[in-house]
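Chemist: Provided herewith: protein26.txt, compact mmCIF, C-alpha atoms.
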```txt
# COMPACT_ATOMS: atom_id res chain seq x y z
CA MET A 1158 -10.04 6.95 -29.22
CA GLY A 1159 -6.43 6.06 -28.35
CA ASN A 1160 -6.67 7.64 -24.92
CA SER A 1161 -9.97 5.89 -24.19
CA SER A 1162 -8.61 2.47 -25.23
CA ALA A 1163 -5.46 3.04 -23.15
CA GLY A 1164 -7.63 4.03 -20.20
CA ASN A 1165 -9.75 0.90 -20.58
CA LYS A 1166 -6.64 -1.30 -20.69
CA TYR A 1167 -5.30 0.48 -17.62
CA GLN A 1168 -8.53 -0.08 -15.69
CA GLU A 1169 -8.68 -3.74 -16.74
CA LEU A 1170 -5.08 -4.28 -15.63
CA MET A 1171 -5.72 -2.63 -12.27
CA PHE A 1172 -8.86 -4.72 -11.84
CA TRP A 1173 -7.01 -8.01 -12.31
CA LEU A 1174 -4.12 -6.80 -10.15
CA THR A 1175 -5.90 -5.37 -7.12
CA ARG A 1176 -9.26 -7.17 -6.81
CA PRO A 1177 -7.95 -10.75 -6.43
CA LEU A 1178 -5.25 -9.60 -4.00
CA SER A 1179 -7.81 -7.63 -2.00
CA ALA A 1180 -10.23 -10.58 -1.91
CA PHE A 1181 -7.47 -12.92 -0.72
CA ILE A 1182 -6.44 -10.55 2.09
CA ILE A 1183 -10.05 -10.04 3.24
CA LEU A 1184 -10.98 -13.74 3.21
CA ALA A 1185 -7.74 -14.84 4.88
CA ASN A 1186 -8.14 -12.29 7.67
CA LEU A 1187 -11.77 -13.29 8.24
CA PHE A 1188 -10.69 -16.93 8.39
CA ILE A 1189 -8.09 -16.20 11.09
CA ILE A 1190 -10.28 -13.72 13.02
CA ILE A 1191 -13.06 -16.31 13.39
CA GLY A 1192 -10.48 -18.89 14.46
CA ILE A 1193 -9.14 -16.62 17.23
CA ILE A 1194 -12.55 -15.49 18.48
CA CYS A 1195 -13.96 -19.03 18.66
CA ASN A 1196 -10.89 -20.41 20.48
CA ARG A 1197 -11.13 -19.53 24.18
CA LYS A 1198 -7.51 -20.45 24.79
CA LEU A 1199 -6.40 -17.46 22.69
CA HIS A 1200 -8.22 -14.78 24.70
CA GLY A 1201 -5.07 -13.07 26.02
CA ALA A 1202 -3.34 -9.70 25.70
CA ILE A 1203 -1.03 -10.62 22.81
CA ASN A 1204 -3.86 -12.27 20.91
CA TRP A 1205 -6.08 -9.19 21.37
CA PHE A 1206 -3.24 -7.15 19.84
CA PHE A 1207 -3.07 -9.62 16.98
CA LEU A 1208 -6.84 -9.49 16.54
CA SER A 1209 -6.69 -5.70 16.23
CA LEU A 1210 -3.91 -6.12 13.67
CA LEU A 1211 -6.05 -8.51 11.62
CA PHE A 1212 -8.95 -6.05 11.59
CA ALA A 1213 -6.58 -3.30 10.42
CA ASP A 1214 -5.16 -5.61 7.76
CA LEU A 1215 -8.67 -6.49 6.59
CA LEU A 1216 -9.56 -2.81 6.17
CA ALA A 1217 -6.25 -2.13 4.41
CA GLY A 1218 -6.97 -4.98 2.01
CA ALA A 1219 -10.44 -3.57 1.37
CA ALA A 1220 -8.90 -0.17 0.55
CA LEU A 1221 -6.33 -1.67 -1.84
CA PRO A 1222 -8.55 -1.44 -5.00
CA THR A 1223 -9.04 2.30 -4.41
CA ILE A 1224 -5.32 3.09 -4.79
CA PRO A 1225 -5.27 3.09 -8.63
CA GLN A 1226 -8.05 5.68 -8.67
CA LEU A 1227 -5.86 8.11 -6.72
CA ALA A 1228 -3.59 8.66 -9.73
CA PHE A 1229 -6.30 10.57 -11.62
CA GLU A 1230 -7.32 14.18 -11.16
CA LYS A 1231 -11.08 14.72 -10.94
CA GLN A 1232 -13.46 17.49 -10.02
CA ARG A 1233 -14.73 16.63 -6.54
CA GLY A 1234 -16.04 18.43 -3.53
CA TYR A 1235 -13.94 19.38 -0.52
CA HIS A 1236 -15.08 16.65 1.88
CA LEU A 1237 -15.22 13.87 -0.73
CA CYS A 1238 -11.75 14.73 -2.05
CA PHE A 1239 -10.11 14.54 1.36
CA PHE A 1240 -12.01 11.41 2.35
CA ILE A 1241 -10.91 9.53 -0.79
CA TYR A 1242 -7.23 10.31 -0.12
CA VAL A 1243 -7.10 10.41 3.68
CA ALA A 1244 -9.06 7.20 4.37
CA PRO A 1245 -6.64 4.75 2.61
CA ASN A 1246 -3.67 6.55 4.14
CA PHE A 1247 -5.20 6.23 7.61
CA LEU A 1248 -5.94 2.52 7.15
CA PHE A 1249 -2.37 1.69 6.09
CA LEU A 1250 -0.92 3.79 8.91
CA ALA A 1251 -3.21 2.00 11.40
CA PHE A 1252 -2.06 -1.32 9.97
CA LEU A 1253 1.60 -0.42 10.53
CA ALA A 1254 0.88 0.92 14.04
CA ASN A 1255 -0.92 -2.27 15.06
CA LEU A 1256 1.88 -4.36 13.58
CA LEU A 1257 4.42 -2.39 15.61
CA VAL A 1258 2.38 -2.95 18.81
CA VAL A 1259 2.24 -6.71 18.13
CA HIS A 1260 6.02 -6.85 17.63
CA TYR A 1261 6.61 -4.83 20.78
CA ALA A 1262 4.30 -7.04 22.89
CA LYS A 1263 6.06 -10.21 21.70
CA TYR A 1264 9.43 -8.56 22.21
CA VAL A 1265 8.65 -7.71 25.85
CA CYS A 1266 7.18 -11.17 26.44
CA ILE A 1267 10.34 -12.93 25.18
CA ILE A 1268 13.03 -10.55 26.44
CA HIS A 1269 11.48 -10.09 29.92
CA PRO A 1270 9.34 -13.21 30.45
CA LEU A 1271 9.28 -12.97 34.27
CA HIS A 1272 8.16 -9.32 34.29
CA TYR A 1273 5.77 -9.48 31.34
CA HIS A 1274 2.59 -9.59 33.47
CA LYS A 1275 3.76 -6.47 35.29
CA SER A 1276 4.56 -4.53 32.11
CA TRP A 1277 2.39 -1.75 30.76
CA VAL A 1278 1.80 -3.51 27.47
CA TYR A 1279 0.05 -6.33 29.37
CA ARG A 1280 -1.79 -4.27 31.99
CA TRP A 1281 -2.88 -1.50 29.60
CA ALA A 1282 -3.61 -3.56 26.48
CA ALA A 1283 -6.76 -1.55 25.65
CA PHE A 1284 -4.78 1.71 25.80
CA TYR A 1285 -2.17 0.40 23.35
CA ILE A 1286 -4.87 -0.77 20.95
CA LEU A 1287 -6.63 2.60 21.17
CA PHE A 1288 -3.32 4.41 20.61
CA ALA A 1289 -2.60 2.24 17.55
CA TRP A 1290 -5.81 3.54 15.96
CA THR A 1291 -6.00 7.16 17.15
CA ALA A 1292 -2.38 8.18 16.45
CA PRO A 1293 -2.58 7.21 12.73
CA LEU A 1294 -5.94 8.98 12.46
CA ILE A 1295 -4.48 12.21 13.83
CA PHE A 1296 -1.43 12.01 11.57
CA ALA A 1297 -3.54 11.20 8.49
CA CYS A 1298 -5.79 14.21 9.15
CA LEU A 1299 -2.90 16.69 9.43
CA PRO A 1300 -3.29 17.87 5.78
CA LEU A 1301 -6.74 19.17 6.70
CA ILE A 1302 -5.11 21.76 8.99
CA TRP A 1303 -2.85 23.65 6.60
CA ASN A 1304 -4.58 22.93 3.29
CA GLN A 1305 -6.13 25.94 1.58
CA TRP A 1306 -8.93 24.60 -0.58
CA GLN A 1307 -9.94 26.43 -3.73
CA PRO A 1308 -13.16 25.44 -5.52
CA ASN A 1309 -11.69 25.68 -9.01
CA LEU A 1310 -8.85 23.19 -8.39
CA ASN A 1311 -9.12 19.53 -9.34
CA CYS A 1312 -8.81 16.93 -6.60
CA SER A 1313 -5.33 15.39 -6.88
CA PHE A 1314 -2.77 13.59 -4.77
CA LEU A 1315 -0.40 16.55 -4.45
CA LEU A 1316 -3.25 18.87 -3.55
CA VAL A 1317 -4.08 16.79 -0.47
CA PHE A 1318 -0.57 15.62 0.46
CA PRO A 1319 2.17 18.21 -0.05
CA MET A 1320 5.78 17.10 -0.42
CA PRO A 1321 6.89 18.00 3.15
CA TYR A 1322 4.10 15.82 4.53
CA LEU A 1323 5.11 12.92 2.27
CA TYR A 1324 8.76 13.18 3.31
CA LEU A 1325 7.76 13.31 6.98
CA GLU A 1326 5.47 10.29 6.63
CA THR A 1327 7.96 8.20 4.65
CA TYR A 1328 11.31 8.94 6.32
CA GLY A 1329 10.04 10.01 9.72
CA LEU A 1330 7.33 7.42 10.35
CA LEU A 1331 7.06 4.50 7.94
CA ILE A 1332 10.69 3.47 7.38
CA PRO A 1333 11.68 3.96 11.08
CA THR A 1334 8.70 1.78 12.07
CA ILE A 1335 9.84 -0.99 9.73
CA LEU A 1336 13.43 -0.74 11.01
CA ALA A 1337 12.20 -0.87 14.63
CA MET A 1338 10.27 -4.07 13.90
CA ALA A 1339 13.32 -5.55 12.17
CA PHE A 1340 15.48 -4.67 15.21
CA MET A 1341 13.02 -6.36 17.60
CA CYS A 1342 12.92 -9.49 15.42
CA ILE A 1343 16.72 -9.67 15.38
CA ARG A 1344 16.85 -9.28 19.16
CA VAL A 1345 14.28 -12.06 19.61
CA LEU A 1346 16.29 -14.36 17.32
CA CYS A 1347 19.47 -13.58 19.27
CA VAL A 1348 17.77 -14.45 22.57
CA ALA A 1349 16.40 -17.66 21.08
CA ARG A 1350 19.89 -18.57 19.82
CA LYS A 1351 21.39 -17.94 23.24
CA GLN A 1352 18.76 -20.10 24.96
CA LEU A 1353 19.36 -22.83 22.39
CA LYS A 1354 23.08 -22.86 23.18
CA ASN A 1355 22.33 -23.20 26.90
CA ILE A 1356 19.95 -26.10 26.26
CA THR A 1357 22.47 -27.89 24.01
CA LYS A 1358 25.17 -27.49 26.69
CA LEU A 1359 22.91 -29.15 29.24
CA LEU A 1360 22.08 -31.97 26.82
CA ARG A 1361 25.74 -32.59 26.04
CA SER A 1362 26.68 -32.59 29.72
CA VAL A 1363 24.00 -35.23 30.36
CA ASN A 1364 24.89 -37.34 27.29
CA ARG A 1365 28.67 -37.31 27.46
CA GLY A 1366 30.51 -39.39 24.94
CA GLN A 1367 27.33 -39.98 22.92
CA ALA A 1368 26.15 -38.70 19.58
CA SER A 1369 23.89 -35.67 19.35
CA SER A 1370 20.39 -36.51 20.50
CA GLY A 1371 17.27 -36.16 18.42
CA LEU A 1372 16.02 -33.34 20.66
CA GLU A 1373 19.14 -31.29 19.95
CA GLN A 1374 18.72 -31.74 16.22
CA GLN A 1375 15.06 -30.76 16.44
CA LEU A 1376 15.94 -27.58 18.33
CA GLU A 1377 18.59 -26.67 15.77
CA LEU A 1378 16.14 -27.29 12.95
CA ARG A 1379 13.45 -25.17 14.63
CA ASN A 1380 15.90 -22.30 15.15
CA ALA A 1381 16.99 -22.48 11.52
CA LYS A 1382 13.35 -22.44 10.41
CA GLY A 1383 12.70 -19.36 12.57
CA ILE A 1384 15.63 -17.47 11.07
CA ALA A 1385 14.69 -18.47 7.53
CA GLY A 1386 11.05 -17.51 8.13
CA MET A 1387 11.91 -14.06 9.48
CA SER A 1388 14.31 -13.41 6.61
CA LEU A 1389 11.79 -14.56 4.03
CA ILE A 1390 9.02 -12.39 5.50
CA PHE A 1391 11.27 -9.34 5.51
CA LEU A 1392 12.40 -9.93 1.92
CA VAL A 1393 8.93 -10.71 0.57
CA CYS A 1394 6.91 -8.14 2.53
CA TRP A 1395 9.06 -5.19 3.55
CA VAL A 1396 11.69 -4.85 0.81
CA PRO A 1397 9.02 -4.27 -1.90
CA TYR A 1398 7.19 -1.88 0.42
CA ILE A 1399 10.31 0.22 1.10
CA ALA A 1400 11.15 0.21 -2.61
CA CYS A 1401 7.56 1.28 -3.33
CA LEU A 1402 7.84 4.25 -0.97
CA ASN A 1403 11.10 5.52 -2.47
CA ILE A 1404 9.97 5.03 -6.07
CA SER A 1405 6.73 6.88 -5.33
CA LEU A 1406 8.58 9.88 -3.91
CA LEU A 1407 11.02 9.98 -6.81
CA ALA A 1408 8.18 9.75 -9.32
CA ILE A 1409 6.22 12.52 -7.64
CA LYS A 1410 9.24 14.81 -7.41
CA HIS A 1411 10.89 14.26 -10.78
CA TYR A 1412 7.98 12.84 -12.86
CA SER A 1413 10.38 10.30 -14.40
CA VAL A 1414 8.09 7.29 -13.85
CA SER A 1415 4.79 6.73 -15.62
CA SER A 1416 1.56 6.65 -13.65
CA LEU A 1417 0.98 3.02 -14.66
CA THR A 1418 4.34 1.90 -13.28
CA LEU A 1419 3.83 3.97 -10.14
CA THR A 1420 0.39 2.46 -9.50
CA ILE A 1421 1.60 -1.11 -10.07
CA VAL A 1422 4.55 -0.64 -7.73
CA THR A 1423 2.33 0.97 -5.09
CA CYS A 1424 -0.25 -1.84 -5.22
CA LEU A 1425 2.39 -4.56 -5.07
CA GLY A 1426 4.20 -2.86 -2.18
CA ASN A 1427 1.06 -2.33 -0.11
CA GLY A 1428 -0.25 -5.79 -0.95
CA SER A 1429 3.01 -7.48 0.09
CA ALA A 1430 3.01 -5.57 3.38
CA ALA A 1431 -0.65 -6.46 4.02
CA ALA A 1432 0.16 -10.15 3.52
CA MET A 1433 2.58 -10.19 6.49
CA PRO A 1434 -0.02 -10.82 9.27
CA ILE A 1435 -1.42 -13.70 7.25
CA LEU A 1436 2.01 -15.32 7.04
CA LEU A 1437 2.60 -14.77 10.76
CA SER A 1438 -0.77 -16.25 11.73
CA LEU A 1439 -0.48 -19.29 9.47
CA SER A 1440 2.86 -20.15 11.10
CA ASN A 1441 1.03 -20.42 14.47
CA HIS A 1442 -1.06 -23.60 14.60
CA GLN A 1443 -3.22 -22.29 17.47
CA TYR A 1444 -4.80 -19.63 15.26
CA ILE A 1445 -6.20 -22.26 12.88
CA GLN A 1446 -6.91 -24.94 15.50
CA PHE A 1447 -10.62 -24.08 15.51
CA TRP A 1448 -10.91 -24.77 11.79
CA ARG A 1449 -8.97 -28.00 12.20
CA ASP A 1450 -11.45 -29.16 14.82
CA VAL A 1451 -14.37 -28.18 12.57
CA ALA A 1452 -12.83 -30.02 9.61
CA SER A 1453 -12.21 -33.15 11.72
CA LYS A 1454 -15.81 -33.12 13.00
CA VAL A 1455 -17.23 -32.70 9.49
CA TRP A 1456 -14.97 -35.45 8.17
CA GLY A 1457 -15.97 -37.76 11.05
CA SER A 1458 -19.68 -37.17 10.48
CA CYS A 1459 -19.29 -37.78 6.73
CA CYS A 1460 -17.43 -41.04 7.38
CA GLN A 1461 -20.08 -42.12 9.87
CA ARG A 1462 -22.88 -41.46 7.37
CA GLN A 1463 -21.00 -43.40 4.72
CA ARG A 1464 -20.65 -46.38 7.04
CA CYS A 1465 -24.37 -46.25 7.89
CA ARG A 1466 -25.26 -46.24 4.21
CA GLN A 1467 -23.01 -49.22 3.59
CA ARG A 1468 -24.63 -51.12 6.44
CA GLN A 1469 -28.12 -50.32 5.16
CA ALA A 1470 -27.14 -51.47 1.68
CA LYS A 1471 -26.32 -54.98 2.96
CA PRO A 1472 -29.28 -57.47 2.92
CA LYS A 1473 -30.88 -57.93 6.30
CA ALA A 1474 -31.72 -61.53 5.58
CA LYS A 1475 -30.51 -64.11 3.14
CA MET A 1476 -32.58 -64.82 0.08
CA LEU A 1477 -33.75 -68.36 -0.63
CA HIS A 1478 -35.36 -69.25 -3.97
CA GLY A 1479 -35.88 -65.57 -4.58
CA LYS A 1480 -37.94 -65.14 -1.39
CA PRO A 1481 -36.69 -63.39 1.74
CA CYS A 1482 -36.69 -65.32 4.99
CA GLY A 1483 -39.11 -63.99 7.53
CA THR A 1484 -37.26 -64.76 10.75
CA ARG A 1485 -33.90 -66.03 11.81
CA ASP A 1486 -35.39 -69.48 12.66
CA GLU A 1487 -36.90 -69.76 9.21
CA CYS A 1488 -33.53 -68.93 7.67
CA LEU A 1489 -31.80 -71.61 9.74
CA HIS A 1490 -34.57 -74.14 9.02
CA SER A 1491 -34.42 -73.46 5.32
CA GLU A 1492 -30.68 -73.90 5.26
CA ASP A 1493 -30.89 -77.49 6.75
CA PRO A 1494 -30.78 -80.15 4.02
CA LYS A 1495 -33.81 -82.43 3.57
CA PRO A 1496 -33.25 -86.04 4.70
CA SER A 1497 -32.99 -88.49 1.87
CA THR A 1498 -35.18 -91.60 1.42
CA ALA A 1499 -32.24 -93.86 2.19
CA THR A 1500 -31.90 -92.28 5.55
CA ASP A 1501 -35.62 -92.89 6.28
CA GLU A 1502 -35.34 -96.59 5.36
CA ALA A 1503 -32.27 -97.00 7.60
CA LYS A 1504 -34.23 -95.50 10.50
```
Translate the structure described by the file into structure tokens.
Modeler:
Amino acid sequence: MGNSSAGNKYQELMFWLTRPLSAFIILANLFIIIGIICNRKLHGAINWFFLSLLFADLLAGAALPTIPQLAFEKQRGYHLCFFIYVAPNFLFLAFLANLLVVHYAKYVCIIHPLHYHKSWVYRWAAFYILFAWTAPLIFACLPLIWNQWQPNLNCSFLLVFPMPYLYLETYGLLIPTILAMAFMCIRVLCVARKQLKNITKLLRSVNRGQASSGLEQQLELRNAKGIAGMSLIFLVCWVPYIACLNISLLAIKHYSVSSLTLTIVTCLGNGSAAAMPILLSLSNHQYIQFWRDVASKVWGSCCQRQRCRQRQAKPKAKMLHGKPCGTRDECLHSEDPKPSTATDEAK
């Protein structure tokens, strides 16, 4: 009875932890995907990369509730066992690969703006998107090659993913990918800071002997916001994810962490990483411009209907002695005062 009650509490906790986070990630990605597809101004190479990233993030968010079930050992068939463990791993690897491609495309566009249209990432955008999906699929299916399946064994995490594969994935693929994205972000911020200094020098040479202009202050504020945003995204999204990876490996190797703690840390780490594209897209007003236009049109139509109702509520003609006037002439005639008898005698 104690084990069953503990299992029910564990499942209830995982339900309230993963399902709302998964629903938020799915709905937010659908919101941004529709906004990009319906905005013709965003049909470019970088935005196609970002659209592929949003689809990968959506699938990773959909796979998030399945992670707690991976901590249990169950009797399953060969194909079902590998599908349950390989599919979430593939989706999160595809998410990271698409995120790396997006960072690289923006990095090339900012570092080499004059040669961007001649670069491979612009001319072969479909190839980069295909590579971002096929390479993670191949790497996720590697355990199928060397695994020796025995019918009597229960389906478990270590049966599908041996320790050498986990070390290779964590320290040879995941963490280097995150560090590469951090390096590209730092380089972009350095280039933006250098361009800002050049612009401020030109402004000061034009406005000699005057106080700092409003444009200079706006540029400084925008640069500070960019640095703060990048730092916040890294701290909120990637630091928990890296901590999640290391804690998972230590727990698997030494068994010093409970399965409940391991599952909670894994869900929080993957959920924080999956929230990064949403934060990046919400910072760009063009991605939500379509929904702004829709909201303004709906608000305008509602206001117009309200005005029409108010106009219809007003009386079309003035009431006299409780009877409506038939025409405008009747209303004017009825409003004229009757001549008194004194006036008739004077005439």
Chemist: Let me make sure I understand: among A:Ala1292, A:Cys1347, A:Leu1325, A:Ile1421, which one has the smallest atom-to-atom distance to Gln1226 (chain A) if we use only C-alpha atoms?
Modeler: A:Ile1421
Chemist: Within 10 Å of Ile1390 (chain A), counting all atoms listed in the file, which residues show up once you throw out same-chain ones fewer than 4 positions away? Write them as a PyMOL selection string, please.
Modeler: chain A and resi 1385-1386+1394-1396+1429-1430+1432-1434+1436-1437
Chemist: Could you tell me which of A:Ala1220, A:Val1451, A:Cys1266, A:Ala1470 comes closest to Asn1196 (chain A) if we count all atoms listed in the file?
Modeler: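 Closest to Asn1196 (chain A) of all the choices is A:Val1451.
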Chemist: Could you work out how far CA of Cys1238 (chain A) lies from CA of Leu1210 (chain A), giving the answer in Å with one decimal?
Modeler: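 So the two atoms, CA of Leu1210 (chain A) and CA of Cys1238 (chain A), lie 27.3 Å apart.
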Chemist: Find the residue from A:Val1265, A:Ile1224, A:Leu1216, A:Ile1189 that sits nearest to Leu1174 (chain A); use only C-alpha atoms when measuring.
Modeler: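 For Leu1174 (chain A), the nearest of the candidates is A:Ile1224.
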Chemist: Draw an axis-aligned box tight on the listed atoms of region 1277-1281 of chain A, then pad every side by 4 Å and write out centre and edge lengths in Å to one decimal as JSON.
Modeler:
```
{"center_x": -0.2, "center_y": -3.9, "center_z": 29.7, "size_x": 13.3, "size_y": 12.8, "size_z": 12.5}
```
Chemist: Measuring atom to atom with only C-alpha atoms, identify which of A:Met1171, A:Ala1244, A:Ile1435, A:Leu1315 is nearest to Phe1212 (chain A).
Modeler: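 Using only C-alpha atoms, the shortest distance to Phe1212 (chain A) belongs to A:Ile1435.
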Chemist: Quote the spacing between CA of Ile1445 (chain A) and CA of Leu1208 (chain A) in Å to one decimal place.
Modeler: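 That distance, rounded to one decimal, is 13.3 Å.
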Chemist: Go ahead and compute the interatomic distance for CA of Gln1463 (chain A) and CA of Asp1450 (chain A), in Å to one decimal.
Modeler: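 Here the two named atoms are 19.9 Å from each other.
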